[in-house]
Amino acid sequence: MGFKETGVLTLEDMMRAGLMPSEERLRKGPVALLECPEQIPCNICVSACPFKAISMDKIYDLPRLDENKCVGCGVCVAKCPGLAIFVVDVSKGDKAYITLPYEFLPKPSKGAKVKLLNREGKIVGEGVIVKAWEYEKTWVVTVEVEKNLWFDVRAIRIEGR
Amino acid sequence: MKAEVVVVGAGVTGVLTSAALFEKGIHNIVVVEKNYPGSGGSFRCATGIRASFTSREHIEVMKRAIELWPVISAKYGIKYSRDGYLWILTRERDVEFFKKVVEFQNSRGVPTRMIGPSQVQELVPTMRTDKIIAAVHDPMAGKASCFEAVLNLLAVLRKQGITILSNTQANKLIVENNVIKGVLTNKGIIHADQVLVAAGGESRDLLKTIGIDLPIRNLPKHVMVSETFKPLIKPLIINWSTSSYILQLLHGNFYIGADIPEEYDVEASNRLEFLRKAARVWSTYFPWLREVYILRYWTGYYDMTPDHHPIIGPIKEVEGLYVAAGFSGHGFMMAPAVAEALAEYMTGGKPVVREFENLNYERFTKGEVIKEIAVFG
Amino acid sequence: MTQQDPRKIIVCRCENVTLEQILRAIEEGFDSLELLKRKLRVGMGPCQGTTCLLMIARILMQKTGKSFEEVFLPVNRPPIHPVKLKNFIGGSREG
Amino acid sequence: MEDYRIVEHPIIDFKRGRKVSFTYNGKRVEAYEGESILAGLYAAGFRVFATSPQGDRLREAFCMIGRCSSCLSRVNGIPNTRICIEPVRDGLIVETQESLPDIPKVSREIVDVVEEIKDVDVLIIGAGPAGLKAAEILGGYGLRVLVATDHFRAGGQLVKQTHKFFGDTTYYGGVRGFKIAEKLISNLSRNPNVEISTRTFVYGYFKEGFFGAEKIGDPSLHLLIRAKYVIVASGASERSLLFENNDLPGIMGAGGAQTLMNEYGVKPGEDALVIGSGNVGLIVAYQLLQAGVRVHGIAEVLREIGGWFVHAAKIRRHGIPIFTGHTIVRAEGRDRVEKAVISQVGKDLKPLPGTEKEFNVDLVLLAVGLQPNYSLLSQMGALMKYLPEAGGLIPLRTRYMETSIRNVFVAGDLSGIEEATTAFIEGEIAAYTILEREGFAKAVEKRERILNYLWNEYRQSPVVQRSRDAKLKVTVSEEEMKRLRG
């Protein structure tokens, strides 16, 4: 079953669509994963990136990431209308750092403990918010997770106050 | 295709006549309908039924129809109710005129009577009566469901094996040696021993194909209908001085018609002038109508003859050809009596009501048009 | 059981007409929208057929094998939306 | 008293108006100015607003935008009032009406409606993305524009869209829908050439050469509008679906729920099931989560998710299952939905026995497509084509968005269901064509550039191929249109 049946993207899907940064780049530090495998007519990420790291010729092209220009700043995470961009950092020890968009309550804050959800919404662990900032009501939250979960964790749940 | 009888027009007259013919033993009937059954005048009419006319012919034919309406209502499950008619009068001269009308009607057994505003108030409690001088009440008049009249008959006819061809246009009558042979339609020829043309104003066009000129002209008419409410107004109310009327349909909608200046034989269009007249007249009598929503507005035609009476019966020049058209706005109410008369004619008999014979086509060629004590309603 | 009961499926909300009534009327030969409207009053309520008419047209096409044009005559006249009678009473002013 | 208003929302700051109170069947209900009566009642916990004409089935509102007529109530003695689009006011007396209502109660001093004749260059019907965009351009060139909308606020369906729009920044890509509406309306309010007339129902066109419209207000106006050009951008209505008890309170259009929770800040239910996984279904599921509603799943009759993957991924990662190859077979409950049952479908899309799944939900949202509001154009005599893949009856038009009636244009969902971006673009194309006819030579160049972008770039995206193909079927050449006009 493909992502059109499941609504869940696999690593293979990402590779096939040419959306996966190289392993070498992943090892270097934070980098954006553009989890946008359909040719939807949208180019917001292109204008969003302050480093001009994302490009497309026609509005319906898949986004292309210039992994050398991307610094993993997360601006595109805040601006992507599809909430389809994540920044992963697997360069630091045995932890991975995942930056993801968050549009729910309660509001995130640094140090808060969160449940970590995978692409199917299953709880795969607990993590801690290490950074959170907001852009037009979309929070960009960085969580620290076990390194092996770097491609799994795509959402968080902050337990109620 | 071959039939004993072809009926052109699946309006209320066509379907009731087909049913009457079936009962008289004519089973091979084909009904052709240009559009869909009822799509002409039948589904656009005000559904009122009365005998309070001003000619002997209308009165006698309608008295028979009023005898028959309860019969067909019971037989075919058509809602019918004798809720009366009310002509409200606002000018002295109209009162004088209507005194004569009532006298004439009473003399022919139609129980109309002149009443005062307070009696109007009793009959229609929510009505403002301060502008009314007098009114004429016809308690025998009533209303019926025009939808059920056509559709319930259709279901019966289908069960009886009668063929109903919708979207079938009769283009030409086929006549040989002054004998009808059939009808040419857009879907082919239907051979027949007898043909009944009951196609409203379009009967004229069809008869023209064999050189017979029915003096029928189409006059556009406008009506509108509101949302549905609890039963409130029983009689159909006519405002004589403005030539407009209101009734509450048996389904609950208020239905308003009003005459505005119109030309004969033009395509009817939707006109603000009509909405204004209908609204202004009837909101005076029923102030609460202001806050009622109008759901639909539509137009239709009265197929008018010079003496406002229909043409019913055999066309003498062509053996086997019959016509029922030119009802001048009264086709629905008459239909049961007309169907009975036609079935008599077409099976070699004569109508029970003798006045039908005066409604022949030849009256126009002989200059024997029907006299009324006044043109009325 | 997944056999759905057409008596419990509402097609026209305004006039409360069920799928069962529609299927039966079609079987009885009321095979166009105009006839169904008058037979069952579908689409003749206050919403003026906004939700149901096209749905009924699809049922008709499926059951009768007819084309859309054969079952559906879009006859729209003013008012296309219910309008209060009082609008036609007042006097004019140029605006 | 219960209050289902959303106090805190991650995206929307609900700025509620003055507190008002009214009575509903004799009970006092508190609400806020700016709410519809229905929203106020919903917030207070009412769920049933009417019955069927026979009185045997309960009715809740389905559309919440004045179309479905399932909320007709008596307001200050006036029956058949659509309370979903009637603003709440202090002291109103609201009552449910019997299946067949009594006649209106009117006071002695009735203020009659004043009739007003309006002459404008362009009449735009509909204040959604297409209508507002066209108004912005036309007003900018100095044409006198009247925008008529049914609702008591402009913006069309934009006002209930909380997500950031896709596309290009030229067409508000990256901006949330309701923010786009705010921006367009605020721009237009500064343009003296443009009048936005709310609560204005354009009920018909008369051959005498004008449109009739009822503008509800105090006092109400009857507008007779004469316009050189017309753009009909009246949008679309939500489709219903046939399943057992499909009229049970708690079943409503996805847009209906959006109106409640995003326009008025009222929670439409606690536990929801969504039917249909097109973009509308996916987006509404996400919005339900944001409003604090538990979403038990989405049923999709086809084998694949209907909407864009990114929308699907957004809800999947919050644990919402999408049941592809499933349809709803029935809803159960006494006076509102308590349970919904879905079933797998076979190749013929018919339910397969023995595959039922049950959900204890109080809300079932139908997101099974939209159908264009064609009736005004059809009444005017515009030629139409039945295109099921584009939602229903669609007006034929040239590539300049002109219908078979000269100087009458169409734009937005009425021209075939598509996305907001194309609604903006179609509004622009219609506007520039009008400007060309008014002698603005530069308009042609702008229009051609937009047309090129629309057809040769935007609509080349494979995910919009279906709507592109559909639109091609109703787009005819100038010559062909001339022939059709006869």
# chains A, B, ... in the order shown; residues from 1 in each chain; ligands from 1
>>> residues_around(residues="A:Gly72", least_positions_apart="4", cutoff="12 Å", atoms="only C-alpha atoms", output="PyMOL selection string")
chain A and resi 21+25-26+28-34+49-51+53-54+65-68+76-77+85-90+97-100+142
>>> write_last_selection(atoms="N, CA and C atoms", output="mmCIF file, in the first residue's frame")
data_model
loop_
_atom_site.group_PDB
_atom_site.id
_atom_site.type_symbol
_atom_site.label_atom_id
_atom_site.label_comp_id
_atom_site.auth_asym_id
_atom_site.auth_seq_id
_atom_site.Cartn_x
_atom_site.Cartn_y
_atom_site.Cartn_z
ATOM 1 N N PRO A 21 17.611 14.004 1.863
ATOM 2 C CA PRO A 21 18.999 14.499 1.857
ATOM 3 C C PRO A 21 19.975 13.310 1.933
ATOM 4 N N ARG A 25 24.959 14.461 4.428
ATOM 5 C CA ARG A 25 24.402 15.744 4.874
ATOM 6 C C ARG A 25 23.680 15.589 6.211
ATOM 7 N N LEU A 26 22.961 14.475 6.356
ATOM 8 C CA LEU A 26 22.250 14.230 7.607
ATOM 9 C C LEU A 26 23.227 14.203 8.786
ATOM 10 N N LYS A 28 25.896 15.766 9.101
ATOM 11 C CA LYS A 28 26.555 17.057 9.343
ATOM 12 C C LYS A 28 25.811 17.941 10.335
ATOM 13 N N GLY A 29 24.492 17.828 10.373
ATOM 14 C CA GLY A 29 23.728 18.722 11.250
ATOM 15 C C GLY A 29 22.333 18.900 10.739
ATOM 16 N N PRO A 30 21.550 19.817 11.366
ATOM 17 C CA PRO A 30 20.117 19.955 11.047
ATOM 18 C C PRO A 30 19.866 20.241 9.566
ATOM 19 N N VAL A 31 18.888 19.535 9.040
ATOM 20 C CA VAL A 31 18.539 19.715 7.632
ATOM 21 C C VAL A 31 17.038 19.468 7.457
ATOM 22 N N ALA A 32 16.478 20.150 6.454
ATOM 23 C CA ALA A 32 15.022 20.058 6.240
ATOM 24 C C ALA A 32 14.671 18.803 5.457
ATOM 25 N N LEU A 33 13.598 18.140 5.910
ATOM 26 C CA LEU A 33 13.018 17.045 5.123
ATOM 27 C C LEU A 33 11.702 17.568 4.552
ATOM 28 N N LEU A 34 11.643 17.654 3.223
ATOM 29 C CA LEU A 34 10.437 18.176 2.579
ATOM 30 C C LEU A 34 9.541 16.978 2.268
ATOM 31 N N CYS A 49 12.240 30.244 2.266
ATOM 32 C CA CYS A 49 13.602 29.941 2.715
ATOM 33 C C CYS A 49 14.529 31.154 2.617
ATOM 34 N N PRO A 50 15.066 31.618 3.741
ATOM 35 C CA PRO A 50 15.945 32.801 3.707
ATOM 36 C C PRO A 50 17.273 32.517 3.017
ATOM 37 N N PHE A 51 17.582 31.237 2.823
ATOM 38 C CA PHE A 51 18.883 30.879 2.239
ATOM 39 C C PHE A 51 18.759 30.411 0.793
ATOM 40 N N ALA A 53 17.472 27.850 -0.392
ATOM 41 C CA ALA A 53 17.881 26.446 -0.497
ATOM 42 C C ALA A 53 16.830 25.581 -1.186
ATOM 43 N N ILE A 54 15.597 26.121 -1.322
ATOM 44 C CA ILE A 54 14.537 25.312 -1.941
ATOM 45 C C ILE A 54 14.194 25.939 -3.289
ATOM 46 N N LEU A 65 15.683 20.455 -2.636
ATOM 47 C CA LEU A 65 16.465 21.074 -1.562
ATOM 48 C C LEU A 65 17.942 21.064 -1.941
ATOM 49 N N ASP A 66 18.522 22.227 -1.864
ATOM 50 C CA ASP A 66 19.981 22.296 -2.017
ATOM 51 C C ASP A 66 20.548 22.080 -0.612
ATOM 52 N N GLU A 67 21.020 20.854 -0.372
ATOM 53 C CA GLU A 67 21.357 20.492 1.008
ATOM 54 C C GLU A 67 22.587 21.232 1.520
ATOM 55 N N ASN A 68 23.306 21.800 0.600
ATOM 56 C CA ASN A 68 24.461 22.575 1.059
ATOM 57 C C ASN A 68 24.075 23.966 1.534
ATOM 58 N N CYS A 76 10.980 27.312 7.031
ATOM 59 C CA CYS A 76 10.039 26.640 6.120
ATOM 60 C C CYS A 76 9.046 25.779 6.879
ATOM 61 N N VAL A 77 9.470 25.262 8.028
ATOM 62 C CA VAL A 77 8.560 24.447 8.849
ATOM 63 C C VAL A 77 7.358 25.296 9.253
ATOM 64 N N ILE A 85 6.947 19.984 6.313
ATOM 65 C CA ILE A 85 8.402 20.094 6.395
ATOM 66 C C ILE A 85 8.852 19.902 7.845
ATOM 67 N N PHE A 86 9.917 19.125 7.992
ATOM 68 C CA PHE A 86 10.489 18.837 9.303
ATOM 69 C C PHE A 86 11.992 19.060 9.201
ATOM 70 N N VAL A 87 12.579 19.434 10.324
ATOM 71 C CA VAL A 87 14.048 19.531 10.339
ATOM 72 C C VAL A 87 14.547 18.442 11.272
ATOM 73 N N VAL A 88 15.478 17.640 10.796
ATOM 74 C CA VAL A 88 16.044 16.628 11.694
ATOM 75 C C VAL A 88 17.543 16.880 11.868
ATOM 76 N N ASP A 89 17.939 16.615 13.079
ATOM 77 C CA ASP A 89 19.367 16.773 13.388
ATOM 78 C C ASP A 89 19.819 15.488 14.075
ATOM 79 N N VAL A 90 20.655 14.734 13.386
ATOM 80 C CA VAL A 90 21.155 13.478 13.962
ATOM 81 C C VAL A 90 22.655 13.553 14.182
ATOM 82 N N TYR A 97 17.237 15.378 17.115
ATOM 83 C CA TYR A 97 16.442 16.580 17.378
ATOM 84 C C TYR A 97 15.521 16.789 16.192
ATOM 85 N N ILE A 98 14.240 16.809 16.486
ATOM 86 C CA ILE A 98 13.259 16.933 15.413
ATOM 87 C C ILE A 98 12.501 18.221 15.590
ATOM 88 N N THR A 99 12.474 18.986 14.512
ATOM 89 C CA THR A 99 11.737 20.250 14.543
ATOM 90 C C THR A 99 10.487 20.059 13.712
ATOM 91 N N LEU A 100 9.350 20.303 14.366
ATOM 92 C CA LEU A 100 8.083 20.028 13.670
ATOM 93 C C LEU A 100 7.081 21.141 13.921
ATOM 94 N N THR A 142 11.078 22.078 18.635
ATOM 95 C CA THR A 142 12.162 21.101 18.493
ATOM 96 C C THR A 142 12.130 20.191 19.721
#
>>> select_by_dssp(residues="stretch 131-363 of chain D", states="strand (DSSP E)", output="PyMOL selection string")
chain D and resi 145-148+194-197+200-206+210-215+221-232+236-238+251-253+271-275+294-300+322-324+326-332+339-344+357-359+363
>>> closest_residue(among="B:Leu275, B:Ala20, B:Val71, B:Leu153", to="chain C", atoms="only C-alpha atoms")
B:Leu275
>>> select_by_dssp(residues="stretch 121-258 of chain D", states="alpha helix (DSSP H)", output="MDAnalysis selection string")
chainID D and resid 129:140 177:189 254:258
>>> write_last_selection(atoms="N, CA and C atoms", output="mmCIF file, in the first residue's frame")
data_model
loop_
_atom_site.group_PDB
_atom_site.id
_atom_site.type_symbol
_atom_site.label_atom_id
_atom_site.label_comp_id
_atom_site.auth_asym_id
_atom_site.auth_seq_id
_atom_site.Cartn_x
_atom_site.Cartn_y
_atom_site.Cartn_z
ATOM 1 N N PRO D 129 -13.879 34.209 -2.490
ATOM 2 C CA PRO D 129 -12.602 34.572 -3.122
ATOM 3 C C PRO D 129 -12.758 35.133 -4.536
ATOM 4 N N ALA D 130 -13.608 34.516 -5.358
ATOM 5 C CA ALA D 130 -13.740 34.977 -6.745
ATOM 6 C C ALA D 130 -14.371 36.364 -6.799
ATOM 7 N N GLY D 131 -15.452 36.540 -6.068
ATOM 8 C CA GLY D 131 -16.172 37.811 -6.111
ATOM 9 C C GLY D 131 -15.344 38.954 -5.534
ATOM 10 N N LEU D 132 -14.702 38.717 -4.403
ATOM 11 C CA LEU D 132 -13.933 39.797 -3.765
ATOM 12 C C LEU D 132 -12.719 40.182 -4.606
ATOM 13 N N LYS D 133 -12.072 39.187 -5.187
ATOM 14 C CA LYS D 133 -10.881 39.480 -6.008
ATOM 15 C C LYS D 133 -11.280 40.311 -7.226
ATOM 16 N N ALA D 134 -12.375 39.898 -7.867
ATOM 17 C CA ALA D 134 -12.833 40.657 -9.036
ATOM 18 C C ALA D 134 -13.188 42.083 -8.635
ATOM 19 N N ALA D 135 -13.844 42.236 -7.488
ATOM 20 C CA ALA D 135 -14.246 43.566 -7.017
ATOM 21 C C ALA D 135 -13.023 44.444 -6.776
ATOM 22 N N GLU D 136 -11.982 43.820 -6.215
ATOM 23 C CA GLU D 136 -10.764 44.580 -5.916
ATOM 24 C C GLU D 136 -10.170 45.166 -7.194
ATOM 25 N N ILE D 137 -10.113 44.349 -8.228
ATOM 26 C CA ILE D 137 -9.519 44.826 -9.479
ATOM 27 C C ILE D 137 -10.403 45.872 -10.146
ATOM 28 N N LEU D 138 -11.684 45.553 -10.268
ATOM 29 C CA LEU D 138 -12.598 46.467 -10.963
ATOM 30 C C LEU D 138 -12.705 47.797 -10.224
ATOM 31 N N GLY D 139 -12.806 47.718 -8.900
ATOM 32 C CA GLY D 139 -12.877 48.940 -8.109
ATOM 33 C C GLY D 139 -11.611 49.757 -8.251
ATOM 34 N N GLY D 140 -10.486 49.058 -8.350
ATOM 35 C CA GLY D 140 -9.201 49.726 -8.493
ATOM 36 C C GLY D 140 -9.107 50.546 -9.778
ATOM 37 N N GLY D 177 -7.055 31.218 5.499
ATOM 38 C CA GLY D 177 -8.240 31.644 4.758
ATOM 39 C C GLY D 177 -8.960 32.832 5.367
ATOM 40 N N PHE D 178 -9.226 32.748 6.660
ATOM 41 C CA PHE D 178 -9.992 33.846 7.274
ATOM 42 C C PHE D 178 -9.208 35.144 7.292
ATOM 43 N N LYS D 179 -7.879 35.023 7.291
ATOM 44 C CA LYS D 179 -7.033 36.225 7.234
ATOM 45 C C LYS D 179 -7.085 36.848 5.838
ATOM 46 N N ILE D 180 -7.191 35.981 4.819
ATOM 47 C CA ILE D 180 -7.301 36.488 3.451
ATOM 48 C C ILE D 180 -8.587 37.304 3.324
ATOM 49 N N ALA D 181 -9.672 36.737 3.886
ATOM 50 C CA ALA D 181 -10.948 37.451 3.824
ATOM 51 C C ALA D 181 -10.825 38.807 4.502
ATOM 52 N N GLU D 182 -10.221 38.822 5.686
ATOM 53 C CA GLU D 182 -10.058 40.091 6.416
ATOM 54 C C GLU D 182 -9.311 41.114 5.569
ATOM 55 N N LYS D 183 -8.243 40.632 4.919
ATOM 56 C CA LYS D 183 -7.385 41.517 4.138
ATOM 57 C C LYS D 183 -8.140 42.088 2.933
ATOM 58 N N LEU D 184 -8.827 41.194 2.191
ATOM 59 C CA LEU D 184 -9.556 41.649 1.010
ATOM 60 C C LEU D 184 -10.665 42.624 1.393
ATOM 61 N N ILE D 185 -11.372 42.300 2.448
ATOM 62 C CA ILE D 185 -12.499 43.148 2.850
ATOM 63 C C ILE D 185 -11.984 44.508 3.318
ATOM 64 N N SER D 186 -10.873 44.478 4.033
ATOM 65 C CA SER D 186 -10.338 45.754 4.501
ATOM 66 C C SER D 186 -9.831 46.596 3.319
ATOM 67 N N ASN D 187 -9.226 45.961 2.322
ATOM 68 C CA ASN D 187 -8.829 46.702 1.116
ATOM 69 C C ASN D 187 -10.042 47.315 0.432
ATOM 70 N N LEU D 188 -11.084 46.520 0.300
ATOM 71 C CA LEU D 188 -12.266 46.978 -0.422
ATOM 72 C C LEU D 188 -12.986 48.085 0.334
ATOM 73 N N SER D 189 -12.914 48.037 1.665
ATOM 74 C CA SER D 189 -13.636 49.048 2.438
ATOM 75 C C SER D 189 -13.025 50.429 2.222
ATOM 76 N N ALA D 254 -19.729 19.103 6.194
ATOM 77 C CA ALA D 254 -18.448 19.483 6.790
ATOM 78 C C ALA D 254 -18.363 21.003 6.917
ATOM 79 N N GLY D 255 -18.861 21.689 5.909
ATOM 80 C CA GLY D 255 -18.853 23.150 5.937
ATOM 81 C C GLY D 255 -19.731 23.694 7.052
ATOM 82 N N GLY D 256 -20.814 22.972 7.324
ATOM 83 C CA GLY D 256 -21.695 23.386 8.418
ATOM 84 C C GLY D 256 -20.943 23.382 9.736
ATOM 85 N N ALA D 257 -20.176 22.323 9.956
ATOM 86 C CA ALA D 257 -19.390 22.234 11.195
ATOM 87 C C ALA D 257 -18.316 23.318 11.220
ATOM 88 N N GLN D 258 -17.722 23.582 10.046
ATOM 89 C CA GLN D 258 -16.705 24.640 9.987
ATOM 90 C C GLN D 258 -17.303 25.986 10.377
#
>>> residues_around(residues="stretch 41-45 of chain C", least_positions_apart="4", cutoff="10 Å", atoms="only C-alpha atoms", output="ChimeraX atom specification")
/B:147,227-228,251,295-296 /C:11-18,22,33-37,49-54,56 /D:53,68-69
>>> interface_residues(of="chain B", to="chain C", cutoff="10 Å", atoms="only C-alpha atoms", output="VMD selection string")
chain B and resid 36 to 39 43 146 to 148 150 to 152 154 to 156 158 to 159 166 to 167 224 226 to 228 251 269 to 284 287 to 299
>>> write_last_selection(atoms="N, CA and C atoms", output="short mmCIF file (atom, residue, chain, number, x, y, z; two decimals), in the first residue's frame")
data_model
loop_
_atom_site.label_atom_id
_atom_site.label_comp_id
_atom_site.auth_asym_id
_atom_site.auth_seq_id
_atom_site.Cartn_x
_atom_site.Cartn_y
_atom_site.Cartn_z
N TYR B 36 -44.13 16.44 -20.76
CA TYR B 36 -44.45 15.39 -19.79
C TYR B 36 -45.91 15.57 -19.37
N PRO B 37 -46.57 14.52 -18.92
CA PRO B 37 -47.99 14.63 -18.60
C PRO B 37 -48.27 15.77 -17.62
N GLY B 38 -49.26 16.57 -17.92
CA GLY B 38 -49.63 17.67 -17.05
C GLY B 38 -48.86 18.95 -17.28
N SER B 39 -47.86 18.89 -18.17
CA SER B 39 -46.93 20.02 -18.29
C SER B 39 -47.55 21.27 -18.91
N PHE B 43 -50.93 21.49 -14.79
CA PHE B 43 -50.08 21.65 -13.61
C PHE B 43 -49.85 23.12 -13.25
N CYS B 146 -54.40 19.33 -8.60
CA CYS B 146 -54.18 19.13 -10.03
C CYS B 146 -53.08 18.08 -10.26
N PHE B 147 -52.14 17.98 -9.33
CA PHE B 147 -51.07 16.99 -9.49
C PHE B 147 -51.65 15.58 -9.41
N GLU B 148 -52.46 15.37 -8.35
CA GLU B 148 -53.04 14.03 -8.20
C GLU B 148 -53.99 13.70 -9.33
N VAL B 150 -53.84 14.37 -12.46
CA VAL B 150 -53.15 13.84 -13.64
C VAL B 150 -52.34 12.58 -13.28
N LEU B 151 -51.58 12.67 -12.19
CA LEU B 151 -50.62 11.58 -11.90
C LEU B 151 -51.31 10.30 -11.45
N ASN B 152 -52.35 10.42 -10.63
CA ASN B 152 -53.04 9.20 -10.19
C ASN B 152 -53.74 8.53 -11.37
N LEU B 154 -52.66 8.72 -14.44
CA LEU B 154 -51.58 8.12 -15.23
C LEU B 154 -51.26 6.72 -14.75
N ALA B 155 -51.15 6.58 -13.43
CA ALA B 155 -50.82 5.27 -12.86
C ALA B 155 -51.90 4.26 -13.22
N VAL B 156 -53.17 4.69 -13.15
CA VAL B 156 -54.28 3.79 -13.49
C VAL B 156 -54.20 3.40 -14.97
N ARG B 158 -51.69 3.33 -16.94
CA ARG B 158 -50.58 2.42 -17.20
C ARG B 158 -50.95 0.99 -16.83
N LYS B 159 -51.60 0.86 -15.69
CA LYS B 159 -52.02 -0.48 -15.26
C LYS B 159 -53.00 -1.10 -16.25
N SER B 166 -44.46 10.11 -23.58
CA SER B 166 -44.00 11.46 -23.24
C SER B 166 -42.99 11.92 -24.28
N ASN B 167 -42.67 13.20 -24.23
CA ASN B 167 -41.70 13.79 -25.17
C ASN B 167 -42.00 13.41 -26.61
N MET B 224 -48.19 33.12 -8.50
CA MET B 224 -47.09 32.84 -7.59
C MET B 224 -47.61 32.05 -6.41
N SER B 226 -46.69 30.67 -2.25
CA SER B 226 -45.88 30.89 -1.04
C SER B 226 -45.45 29.56 -0.45
N GLU B 227 -44.74 29.65 0.66
CA GLU B 227 -44.45 28.45 1.44
C GLU B 227 -45.76 27.91 2.01
N THR B 228 -45.69 26.75 2.62
CA THR B 228 -46.91 26.12 3.12
C THR B 228 -47.22 26.55 4.56
N HIS B 251 -52.44 21.69 -0.30
CA HIS B 251 -51.16 21.35 0.31
C HIS B 251 -50.70 22.40 1.34
N SER B 269 -43.17 36.07 -20.10
CA SER B 269 -41.91 36.25 -19.36
C SER B 269 -42.25 36.66 -17.92
N ASN B 270 -41.26 36.55 -17.06
CA ASN B 270 -41.46 36.89 -15.66
C ASN B 270 -41.42 38.40 -15.50
N ARG B 271 -42.44 38.94 -14.87
CA ARG B 271 -42.52 40.40 -14.80
C ARG B 271 -42.76 40.89 -13.40
N LEU B 272 -41.94 41.89 -13.04
CA LEU B 272 -42.06 42.51 -11.73
C LEU B 272 -43.47 43.09 -11.54
N GLU B 273 -44.02 43.60 -12.62
CA GLU B 273 -45.35 44.20 -12.59
C GLU B 273 -46.37 43.24 -11.96
N PHE B 274 -46.26 41.98 -12.29
CA PHE B 274 -47.19 41.00 -11.73
C PHE B 274 -46.97 40.86 -10.22
N LEU B 275 -45.70 40.70 -9.83
CA LEU B 275 -45.41 40.51 -8.40
C LEU B 275 -45.93 41.71 -7.60
N ARG B 276 -45.76 42.89 -8.18
CA ARG B 276 -46.21 44.10 -7.50
C ARG B 276 -47.72 44.11 -7.33
N LYS B 277 -48.40 43.80 -8.41
CA LYS B 277 -49.87 43.85 -8.33
C LYS B 277 -50.38 42.81 -7.33
N ALA B 278 -49.88 41.59 -7.47
CA ALA B 278 -50.33 40.52 -6.58
C ALA B 278 -50.07 40.89 -5.12
N ALA B 279 -48.88 41.42 -4.87
CA ALA B 279 -48.50 41.75 -3.49
C ALA B 279 -49.34 42.90 -2.96
N ARG B 280 -49.51 43.92 -3.78
CA ARG B 280 -50.23 45.11 -3.29
C ARG B 280 -51.68 44.80 -3.02
N VAL B 281 -52.33 44.10 -3.93
CA VAL B 281 -53.75 43.81 -3.73
C VAL B 281 -53.93 42.96 -2.48
N TRP B 282 -53.21 41.87 -2.39
CA TRP B 282 -53.55 40.89 -1.35
C TRP B 282 -52.97 41.20 0.02
N SER B 283 -51.92 42.03 0.06
CA SER B 283 -51.43 42.42 1.39
C SER B 283 -52.38 43.43 2.03
N THR B 284 -53.23 44.05 1.24
CA THR B 284 -54.23 44.95 1.80
C THR B 284 -55.27 44.14 2.59
N PRO B 287 -52.77 41.54 5.78
CA PRO B 287 -51.51 42.26 6.05
C PRO B 287 -50.35 41.32 6.39
N TRP B 288 -50.65 40.18 6.99
CA TRP B 288 -49.59 39.24 7.38
C TRP B 288 -48.89 38.63 6.18
N LEU B 289 -49.51 38.74 5.01
CA LEU B 289 -48.85 38.20 3.80
C LEU B 289 -47.51 38.87 3.53
N ARG B 290 -47.37 40.10 4.04
CA ARG B 290 -46.09 40.81 3.83
C ARG B 290 -44.89 39.99 4.29
N GLU B 291 -45.09 39.27 5.37
CA GLU B 291 -43.97 38.53 5.98
C GLU B 291 -43.92 37.07 5.50
N VAL B 292 -44.68 36.77 4.47
CA VAL B 292 -44.69 35.41 3.92
C VAL B 292 -43.72 35.37 2.75
N TYR B 293 -42.99 34.27 2.65
CA TYR B 293 -42.03 34.13 1.55
C TYR B 293 -42.71 33.60 0.29
N ILE B 294 -42.37 34.20 -0.82
CA ILE B 294 -42.80 33.67 -2.12
C ILE B 294 -41.78 32.60 -2.52
N LEU B 295 -42.30 31.43 -2.80
CA LEU B 295 -41.40 30.33 -3.19
C LEU B 295 -41.20 30.24 -4.69
N ARG B 296 -42.28 30.37 -5.41
CA ARG B 296 -42.20 30.19 -6.86
C ARG B 296 -43.14 31.15 -7.57
N TYR B 297 -42.78 31.46 -8.79
CA TYR B 297 -43.59 32.30 -9.68
C TYR B 297 -43.55 31.62 -11.01
N TRP B 298 -44.69 31.42 -11.63
CA TRP B 298 -44.65 30.84 -12.97
C TRP B 298 -45.72 31.43 -13.86
N THR B 299 -45.58 31.15 -15.13
CA THR B 299 -46.54 31.66 -16.10
C THR B 299 -47.15 30.48 -16.83
#
>>> interface_residues(of="chain D", to="chain B", cutoff="6 Å", atoms="only C-alpha atoms", output="PyMOL selection string")
chain D and resi 100-102+104+106
>>> interface_residues(of="chain A", to="chain D", cutoff="10 Å", atoms="only C-alpha atoms", output="VMD selection string")
chain A and resid 1 to 9 35 to 48 58 to 61 78 to 85 101 to 107 117 to 123 136 to 139 152 to 157
>>> atom_distance(atom1="atom CA of D:Val20", atom2="atom CA of D:Tyr4")
16.4 Å
